[in-house]
>>> print(open('work.csv').read())   # CSV, C-alpha atoms
chain,number,residue,atom,x,y,z
A,940,MET,CA,-262.1,48.3,-12.5
A,941,LEU,CA,-258.8,46.6,-13.2
A,942,PHE,CA,-259.9,43.5,-11.4
A,943,PHE,CA,-263.1,43.4,-13.6
A,944,ALA,CA,-261.0,43.9,-16.7
A,945,SER,CA,-258.6,41.1,-15.7
A,946,LEU,CA,-261.6,38.7,-15.2
A,947,LEU,CA,-262.9,39.6,-18.6
A,948,VAL,CA,-259.6,39.0,-20.3
A,949,ASN,CA,-259.2,35.6,-18.5
A,950,GLY,CA,-262.8,34.6,-19.5
A,951,ILE,CA,-262.2,35.5,-23.2
A,952,LEU,CA,-258.9,33.6,-23.3
A,953,ALA,CA,-260.5,30.5,-21.6
A,954,GLY,CA,-263.5,30.8,-24.0
A,955,ALA,CA,-261.2,30.5,-27.0
A,956,ILE,CA,-259.8,27.2,-25.8
A,957,TYR,CA,-263.3,26.0,-24.9
A,958,ALA,CA,-264.5,26.8,-28.4
A,959,LEU,CA,-261.8,24.6,-30.0
A,960,ILE,CA,-262.7,21.7,-27.7
A,961,ALA,CA,-266.4,22.1,-28.4
A,962,LEU,CA,-265.7,22.3,-32.1
A,963,SER,CA,-264.6,18.7,-32.2
A,964,PHE,CA,-268.1,17.8,-30.9
A,965,VAL,CA,-270.0,20.0,-33.4
A,966,ILE,CA,-268.0,18.6,-36.3
A,967,VAL,CA,-269.2,15.1,-35.6
A,968,TYR,CA,-272.8,16.0,-34.9
A,969,LYS,CA,-273.2,18.2,-38.0
A,970,SER,CA,-272.2,15.5,-40.4
A,971,SER,CA,-273.4,12.3,-38.8
A,972,ARG,CA,-276.0,13.5,-36.1
A,973,MET,CA,-274.0,11.3,-33.7
A,974,ILE,CA,-273.7,12.8,-30.2
A,975,ASN,CA,-270.1,12.1,-29.2
A,976,PHE,CA,-270.1,11.6,-25.4
A,977,ALA,CA,-266.4,10.5,-25.7
A,978,VAL,CA,-265.2,14.0,-26.7
A,979,GLY,CA,-263.3,14.3,-23.4
A,980,GLU,CA,-261.6,11.0,-24.0
A,981,TRP,CA,-260.6,12.0,-27.5
A,982,VAL,CA,-259.0,15.2,-26.1
A,983,MET,CA,-257.3,13.2,-23.3
A,984,PHE,CA,-256.0,10.6,-25.8
A,985,GLY,CA,-254.7,13.2,-28.2
A,986,SER,CA,-252.8,15.1,-25.4
A,987,LEU,CA,-251.3,11.9,-24.1
A,988,LEU,CA,-250.0,10.9,-27.5
A,989,VAL,CA,-248.3,14.2,-27.8
A,990,ALA,CA,-246.8,13.8,-24.3
A,991,THR,CA,-245.6,10.3,-25.2
A,992,GLY,CA,-243.7,11.5,-28.2
A,993,LEU,CA,-242.3,14.4,-26.2
A,994,HIS,CA,-241.2,12.5,-23.0
A,995,ALA,CA,-240.9,8.9,-23.9
A,996,PHE,CA,-239.4,9.2,-27.3
A,997,ALA,CA,-237.9,12.7,-27.1
A,998,ILE,CA,-238.7,13.5,-30.7
A,999,GLY,CA,-239.6,17.2,-30.1
A,1000,LEU,CA,-242.9,19.0,-29.9
A,1001,ALA,CA,-243.6,19.5,-33.6
A,1002,LEU,CA,-243.0,15.9,-34.6
A,1003,SER,CA,-244.9,14.7,-31.5
A,1004,ILE,CA,-247.9,16.7,-32.6
A,1005,ILE,CA,-247.7,15.3,-36.2
A,1006,LEU,CA,-247.5,11.7,-35.0
A,1007,ALA,CA,-250.3,12.3,-32.5
A,1008,CYS,CA,-252.5,13.7,-35.3
A,1009,ALA,CA,-251.6,10.6,-37.4
A,1010,GLY,CA,-252.5,8.3,-34.6
A,1011,MET,CA,-255.9,10.0,-34.0
A,1012,VAL,CA,-256.6,9.9,-37.7
A,1013,GLU,CA,-255.8,6.1,-37.8
A,1014,LEU,CA,-258.1,5.6,-34.7
A,1015,ALA,CA,-260.9,7.4,-36.6
A,1016,CYS,CA,-260.3,5.2,-39.7
A,1017,VAL,CA,-260.5,2.0,-37.6
A,1018,PHE,CA,-263.6,3.4,-35.8
A,1019,GLY,CA,-265.1,4.1,-39.1
A,1020,ARG,CA,-264.5,0.7,-40.6
A,1021,LEU,CA,-265.4,-1.3,-37.5
A,1022,VAL,CA,-268.3,0.8,-36.1
A,1023,LEU,CA,-269.7,3.5,-38.3
A,1024,ARG,CA,-270.5,1.1,-41.2
A,1025,GLN,CA,-272.6,-0.9,-38.8
A,1026,MET,CA,-274.5,2.1,-37.4
A,1027,THR,CA,-276.2,3.3,-40.6
A,1028,GLY,CA,-279.9,3.5,-39.9
A,1029,ARG,CA,-279.6,2.6,-36.3
A,1030,PRO,CA,-281.6,4.4,-33.6
A,1031,LEU,CA,-280.0,7.4,-31.9
A,1032,ALA,CA,-279.8,5.6,-28.5
A,1033,SER,CA,-277.6,3.0,-30.1
A,1034,MET,CA,-275.2,5.6,-31.4
A,1035,ILE,CA,-275.1,7.3,-28.0
A,1036,MET,CA,-274.2,4.0,-26.3
A,1037,ILE,CA,-271.5,3.4,-28.9
A,1038,THR,CA,-269.7,6.7,-28.0
A,1039,LEU,CA,-270.1,6.0,-24.3
A,1040,GLY,CA,-268.6,2.6,-24.8
A,1041,LEU,CA,-265.8,4.1,-26.9
A,1042,GLY,CA,-265.1,6.6,-24.1
A,1043,ALA,CA,-264.9,3.9,-21.5
A,1044,LEU,CA,-262.5,1.9,-23.6
A,1045,MET,CA,-260.3,4.9,-24.3
A,1046,ARG,CA,-260.1,5.7,-20.6
A,1047,GLY,CA,-259.1,2.1,-19.8
A,1048,VAL,CA,-256.5,1.9,-22.5
A,1049,GLY,CA,-255.2,5.4,-21.6
A,1050,SER,CA,-254.8,4.4,-17.9
A,1051,LEU,CA,-252.9,1.2,-18.9
A,1052,VAL,CA,-250.7,2.4,-21.8
A,1053,PHE,CA,-249.8,5.9,-20.6
A,1054,GLN,CA,-249.5,5.3,-16.9
A,1055,ARG,CA,-245.7,6.0,-16.9
A,1056,VAL,CA,-245.9,9.0,-19.3
A,1057,PRO,CA,-245.7,12.5,-17.7
A,1058,GLY,CA,-248.8,14.3,-18.7
A,1059,ALA,CA,-247.3,17.9,-18.8
A,1060,ILE,CA,-246.6,19.5,-22.1
A,1061,PRO,CA,-244.4,22.6,-21.7
A,1062,LEU,CA,-244.2,25.2,-24.5
A,1063,PRO,CA,-241.2,27.4,-25.0
A,1064,LEU,CA,-242.7,30.7,-23.6
A,1065,PRO,CA,-241.6,33.3,-21.1
A,1066,SER,CA,-243.1,32.9,-17.7
A,1067,GLU,CA,-243.7,36.6,-17.1
A,1068,PRO,CA,-247.2,37.9,-17.9
A,1069,LEU,CA,-248.0,40.8,-20.1
A,1070,ILE,CA,-249.3,44.0,-18.4
A,1071,LEU,CA,-251.5,46.1,-20.7
A,1072,TYR,CA,-252.8,49.3,-19.2
A,1073,GLY,CA,-252.5,47.8,-15.8
A,1074,VAL,CA,-254.4,44.6,-16.7
A,1075,ILE,CA,-252.4,41.4,-16.2
A,1076,VAL,CA,-252.6,39.1,-19.2
A,1077,PRO,CA,-251.2,35.6,-18.7
A,1078,LEU,CA,-248.9,35.0,-21.7
A,1079,ASP,CA,-249.5,31.2,-21.8
A,1080,LYS,CA,-253.3,31.7,-22.0
A,1081,LEU,CA,-252.9,34.4,-24.6
A,1082,VAL,CA,-250.8,32.2,-26.8
A,1083,ALA,CA,-253.1,29.2,-26.3
A,1084,ALA,CA,-256.1,31.3,-27.1
A,1085,ALA,CA,-254.4,32.7,-30.3
A,1086,ILE,CA,-253.6,29.2,-31.5
A,1087,ALA,CA,-257.1,28.0,-30.7
A,1088,SER,CA,-258.6,30.9,-32.6
A,1089,LEU,CA,-256.4,30.1,-35.6
A,1090,CYS,CA,-257.5,26.5,-35.5
A,1091,VAL,CA,-261.2,27.4,-35.4
A,1092,ALA,CA,-260.7,29.8,-38.3
A,1093,THR,CA,-258.9,27.1,-40.3
A,1094,VAL,CA,-261.6,24.6,-39.7
A,1095,GLY,CA,-264.2,27.2,-40.8
A,1096,TRP,CA,-262.3,27.9,-44.0
A,1097,PHE,CA,-262.0,24.1,-44.7
A,1098,TYR,CA,-265.8,23.7,-44.4
A,1099,HIS,CA,-266.6,26.7,-46.6
A,1100,ALA,CA,-263.9,26.8,-49.2
A,1101,SER,CA,-262.6,23.3,-49.8
A,1102,ARG,CA,-264.2,20.5,-51.9
A,1103,PRO,CA,-264.3,18.0,-49.0
A,1104,GLY,CA,-265.7,20.6,-46.8
A,1105,ILE,CA,-268.5,21.3,-49.2
A,1106,ALA,CA,-269.2,17.6,-49.4
A,1107,LEU,CA,-269.4,17.4,-45.6
A,1108,ARG,CA,-271.8,20.3,-45.5
A,1109,ALA,CA,-274.0,18.5,-48.0
A,1110,LEU,CA,-273.8,15.4,-45.8
A,1111,ALA,CA,-274.9,17.5,-42.8
A,1112,ASP,CA,-277.9,18.9,-44.7
A,1113,ASN,CA,-279.3,15.6,-46.1
A,1114,GLN,CA,-277.4,12.3,-46.1
A,1115,PRO,CA,-279.7,10.4,-48.5
A,1116,LEU,CA,-279.6,13.2,-51.0
A,1117,ALA,CA,-275.8,13.5,-50.7
A,1118,ALA,CA,-275.5,9.7,-51.3
A,1119,ALA,CA,-277.8,10.0,-54.3
A,1120,VAL,CA,-275.5,12.6,-56.0
A,1121,GLY,CA,-272.5,10.4,-55.6
A,1122,ILE,CA,-271.0,11.4,-52.3
A,1123,ASN,CA,-269.4,8.4,-50.5
A,1124,VAL,CA,-271.2,8.7,-47.1
A,1125,GLN,CA,-269.0,6.3,-45.2
A,1126,ARG,CA,-265.8,7.8,-46.4
A,1127,TYR,CA,-266.9,11.3,-45.5
A,1128,LEU,CA,-268.2,10.2,-42.1
A,1129,THR,CA,-264.8,8.7,-41.4
A,1130,LEU,CA,-263.2,12.0,-42.6
A,1131,THR,CA,-265.4,13.8,-40.1
A,1132,TRP,CA,-264.1,11.7,-37.2
A,1133,ALA,CA,-260.5,12.1,-38.5
A,1134,ILE,CA,-260.9,15.9,-38.5
A,1135,ALA,CA,-262.4,15.7,-35.0
A,1136,GLY,CA,-259.3,13.6,-34.0
A,1137,VAL,CA,-256.9,16.3,-35.2
A,1138,VAL,CA,-258.8,19.0,-33.5
A,1139,ALA,CA,-258.8,16.9,-30.3
A,1140,VAL,CA,-255.0,16.7,-30.4
A,1141,LEU,CA,-254.6,20.4,-30.7
A,1142,ALA,CA,-257.3,21.1,-28.1
A,1143,GLY,CA,-255.7,18.6,-25.7
A,1144,LEU,CA,-252.3,20.1,-26.2
A,1145,LEU,CA,-253.5,23.6,-25.3
A,1146,TRP,CA,-255.7,22.4,-22.4
A,1147,THR,CA,-252.8,20.4,-21.0
A,1148,PHE,CA,-250.4,23.4,-21.4
A,1149,ILE,CA,-252.8,25.6,-19.4
A,1150,THR,CA,-254.2,23.3,-16.7
A,1151,GLY,CA,-251.9,20.2,-16.6
A,1152,GLY,CA,-252.5,16.9,-18.3
A,1153,GLY,CA,-252.8,13.2,-17.8
A,1154,ILE,CA,-255.9,11.1,-17.5
A,1155,SER,CA,-257.6,14.1,-15.8
A,1156,ALA,CA,-257.8,15.9,-19.1
A,1157,VAL,CA,-260.9,13.7,-19.8
A,1158,LEU,CA,-262.9,16.0,-17.5
A,1159,VAL,CA,-262.8,18.8,-20.0
A,1160,GLY,CA,-265.5,16.9,-21.8
A,1161,LEU,CA,-267.9,18.0,-19.1
A,1162,LYS,CA,-267.3,21.6,-20.2
A,1163,VAL,CA,-268.3,20.9,-23.8
A,1164,PHE,CA,-272.0,19.9,-23.4
A,1165,PRO,CA,-273.2,23.2,-21.8
A,1166,ILE,CA,-271.3,25.1,-24.5
A,1167,VAL,CA,-272.8,23.2,-27.5
A,1168,ILE,CA,-276.3,23.2,-26.0
A,1169,ILE,CA,-276.2,27.0,-25.4
A,1170,GLY,CA,-274.8,27.7,-28.8
A,1171,GLY,CA,-276.6,25.1,-30.8
A,1172,LEU,CA,-275.6,21.5,-31.5
A,1173,ASP,CA,-275.2,22.0,-35.2
A,1174,SER,CA,-273.8,25.6,-35.2
A,1175,ALA,CA,-270.0,26.3,-35.3
A,1176,ALA,CA,-270.7,30.0,-34.8
A,1177,GLY,CA,-273.0,29.2,-31.9
A,1178,THR,CA,-270.2,27.1,-30.4
A,1179,ILE,CA,-267.9,30.1,-30.4
A,1180,VAL,CA,-270.5,32.3,-28.8
A,1181,GLY,CA,-271.4,29.7,-26.2
A,1182,ALA,CA,-267.8,29.1,-25.3
A,1183,MET,CA,-267.3,32.8,-24.8
A,1184,ILE,CA,-270.4,33.0,-22.6
A,1185,VAL,CA,-269.2,30.1,-20.5
A,1186,GLY,CA,-265.7,31.4,-20.2
A,1187,LEU,CA,-266.8,34.8,-19.1
A,1188,LEU,CA,-269.4,33.5,-16.7
A,1189,GLU,CA,-266.9,31.1,-15.1
A,1190,SER,CA,-264.3,33.8,-14.7
A,1191,LEU,CA,-266.7,36.4,-13.3
A,1192,SER,CA,-268.2,33.8,-10.9
A,1193,VAL,CA,-264.8,32.8,-9.6
A,1194,GLY,CA,-263.8,36.4,-9.1
A,1195,TYR,CA,-267.0,37.7,-7.4
A,1196,LEU,CA,-269.0,34.8,-6.1
A,1197,ASP,CA,-266.6,32.1,-4.9
A,1198,GLY,CA,-265.6,34.1,-1.9
A,1199,SER,CA,-269.2,34.5,-0.6
A,1200,LEU,CA,-270.8,31.3,-1.9
A,1201,GLY,CA,-267.8,29.0,-1.4
A,1202,GLY,CA,-265.0,27.8,-3.6
A,1203,GLY,CA,-265.9,25.9,-6.7
A,1204,PHE,CA,-269.1,27.8,-7.4
A,1205,GLY,CA,-267.6,29.1,-10.6
A,1206,ALA,CA,-267.1,25.6,-11.9
A,1207,ILE,CA,-270.9,24.8,-11.8
A,1208,THR,CA,-272.1,28.1,-13.3
A,1209,SER,CA,-272.0,26.6,-16.8
A,1210,ASN,CA,-274.3,23.8,-15.7
A,1211,LEU,CA,-276.7,26.2,-14.2
A,1212,LEU,CA,-276.7,28.2,-17.5
A,1213,LEU,CA,-277.3,24.9,-19.3
A,1214,ILE,CA,-280.5,24.3,-17.3
A,1215,VAL,CA,-281.7,27.8,-18.1
A,1216,ALA,CA,-280.9,27.3,-21.8
A,1217,LEU,CA,-282.8,24.0,-21.9
A,1218,LEU,CA,-285.8,25.7,-20.4
A,1219,VAL,CA,-285.8,28.8,-22.5
A,1220,ARG,CA,-284.3,27.8,-25.8
A,1221,PRO,CA,-283.6,24.1,-26.0
A,1222,HIS,CA,-282.2,24.2,-29.6
A,1223,GLY,CA,-279.6,26.8,-28.6
A,1224,LEU,CA,-278.9,30.4,-29.6
A,1225,PHE,CA,-278.0,29.5,-33.2
A,1226,GLY,CA,-279.3,25.9,-33.5
A,1227,ARG,CA,-281.8,25.0,-36.1
A,1228,THR,CA,-285.2,23.6,-35.2
A,1229,HIS,CA,-286.2,20.5,-37.2
A,1230,GLU,CA,-289.9,20.7,-38.1
A,1231,ALA,CA,-291.7,18.0,-39.9
A,1232,ARG,CA,-295.1,18.0,-41.8
A,1233,VAL,CA,-297.7,15.7,-40.4
>>> encode(input="work.csv", output="structure tokens")
Amino acid sequence: MLFFASLLVNGILAGAIYALIALSFVIVYKSSRMINFAVGEWVMFGSLLVATGLHAFAIGLALSIILACAGMVELACVFGRLVLRQMTGRPLASMIMITLGLGALMRGVGSLVFQRVPGAIPLPLPSEPLILYGVIVPLDKLVAAAIASLCVATVGWFYHASRPGIALRALADNQPLAAAVGINVQRYLTLTWAIAGVVAVLAGLLWTFITGGGISAVLVGLKVFPIVIIGGLDSAAGTIVGAMIVGLLESLSVGYLDGSLGGGFGAITSNLLLIVALLVRPHGLFGRTHEARV
């Protein structure tokens, strides 16, 4: 029973970090209907910017995070000016190819620019785990999950209580109507990518702290797509639920199935669940179906 409880705890803690990473995908899709296949590269780039400030310039963790967020916001602004303005009214396939090309470019630049930067980002935490009623709770994962949950709650508050957030929600519902009432579509689309960039920095920091960093952090993007499909592409609440489902399923599979089915089976369980979700409910648990009159 304690083993099962430990697996549940680890799955929930992992799910909280997955939710923050997947949120950077949902933010972009809700406002612009762009499917960002470069989400893993954004997370990788954000974490490497933090590692650069920490190791190369020795400016401390807090200042490194601030400068990394500023760098990702600037990247979003450049991307908005050079690319997003040209993509208005273009087919979905064109927007997908743009994000794939952006991801390839970021991987190449990252490999070249950050090749001498250590990827690890240590946090000042005790190494001993917590033991609650006999259940071992890794302190690093607990802190990372708490920070991720706080970030998710902050983004949710921003979208529901702030004036820019309300404008972004209007943009997500109907871009032409939002433009007709005076909302600057291009400015707010750029803001969307800037928010996604800041979220990617924080997600990359936590992911690197738990699993190690470097260019390999780009692989976390593969975790995002099953989560957002299961939860719903345009649903932040569905993202949280989907992340928890994937985190728990992976943890339980590693604990109970890897020994009999071979190591690594837990890593593909989210993809198997993705196939089931596409067959049973392709718009996700909380996603909206888009119906049109004919």
>>> residues_near_point(input="work.csv", point="(-265.5, 18.6, -25.3)", cutoff="6 Å", atoms="all atoms listed in the file", output="ChimeraX atom specification")
/A:960-961,978-979,1159-1160,1163
>>> closest_residue(input="work.csv", among="A:Ala1009, A:Leu1172, A:Ala1111, A:Ala1206", to="Leu962 in chain A", atoms="all atoms listed in the file")
A:Leu1172
>>> residues_around(input="work.csv", residues="Ile1004 in chain A", least_positions_apart="4", cutoff="12 Å", atoms="all atoms listed in the file", output="NGL selection string")
:A and (985-993 or 998-1000 or 1008-1011 or 1060 or 1136-1145)
>>> closest_residue(input="work.csv", among="A:Ala1059, A:Leu1200, A:Val1167, A:Leu1107", to="Ile1184 in chain A", atoms="all atoms listed in the file")
A:Val1167
>>> closest_residue(input="work.csv", among="A:Leu1211, A:Leu1188, A:Met983, A:Ala1087", to="Ala1156 in chain A", atoms="all atoms listed in the file")
A:Met983
>>> closest_residue(input="work.csv", among="A:Leu1023, A:Val1052, A:Ile1134, A:Leu1064", to="Tyr1098 in chain A", atoms="all atoms listed in the file")
A:Ile1134
>>> closest_residue(input="work.csv", among="A:Val1193, A:Ala1135, A:Ile1037, A:Leu1161", to="Ser963 in chain A", atoms="only C-alpha atoms")
A:Ala1135
>>> decode(input="work.csv", residues="range 1125-1153 of chain A", atoms="C-alpha atoms", output="PDB file, in the first residue's frame")
ATOM      1  CA  GLN A1125      -1.286  41.742 -33.687  1.00  0.00           C
ATOM      2  CA  ARG A1126      -0.265  43.348 -30.399  1.00  0.00           C
ATOM      3  CA  TYR A1127      -2.204  40.836 -28.350  1.00  0.00           C
ATOM      4  CA  LEU A1128      -1.010  37.885 -30.415  1.00  0.00           C
ATOM      5  CA  THR A1129       2.544  39.007 -29.658  1.00  0.00           C
ATOM      6  CA  LEU A1130       1.585  39.318 -25.977  1.00  0.00           C
ATOM      7  CA  THR A1131       0.308  35.740 -26.123  1.00  0.00           C
ATOM      8  CA  TRP A1132       3.676  34.481 -27.335  1.00  0.00           C
ATOM      9  CA  ALA A1133       5.451  36.630 -24.734  1.00  0.00           C
ATOM     10  CA  ILE A1134       3.395  35.032 -21.941  1.00  0.00           C
ATOM     11  CA  ALA A1135       4.153  31.609 -23.418  1.00  0.00           C
ATOM     12  CA  GLY A1136       7.855  32.536 -23.389  1.00  0.00           C
ATOM     13  CA  VAL A1137       7.787  33.460 -19.689  1.00  0.00           C
ATOM     14  CA  VAL A1138       5.896  30.271 -18.858  1.00  0.00           C
ATOM     15  CA  ALA A1139       8.474  28.311 -20.890  1.00  0.00           C
ATOM     16  CA  VAL A1140      11.308  29.808 -18.808  1.00  0.00           C
ATOM     17  CA  LEU A1141       9.686  28.760 -15.537  1.00  0.00           C
ATOM     18  CA  ALA A1142       8.722  25.335 -16.896  1.00  0.00           C
ATOM     19  CA  GLY A1143      12.226  24.788 -18.271  1.00  0.00           C
ATOM     20  CA  LEU A1144      13.753  25.794 -14.941  1.00  0.00           C
ATOM     21  CA  LEU A1145      11.638  23.284 -13.001  1.00  0.00           C
ATOM     22  CA  TRP A1146      12.059  20.505 -15.576  1.00  0.00           C
ATOM     23  CA  THR A1147      15.830  20.993 -15.614  1.00  0.00           C
ATOM     24  CA  PHE A1148      15.975  21.008 -11.825  1.00  0.00           C
ATOM     25  CA  ILE A1149      14.159  17.665 -11.656  1.00  0.00           C
ATOM     26  CA  THR A1150      15.550  15.760 -14.657  1.00  0.00           C
ATOM     27  CA  GLY A1151      18.691  17.578 -15.797  1.00  0.00           C
ATOM     28  CA  GLY A1152      19.020  20.146 -18.545  1.00  0.00           C
ATOM     29  CA  GLY A1153      20.826  20.972 -21.736  1.00  0.00           C
TER      30      GLY A1153
END
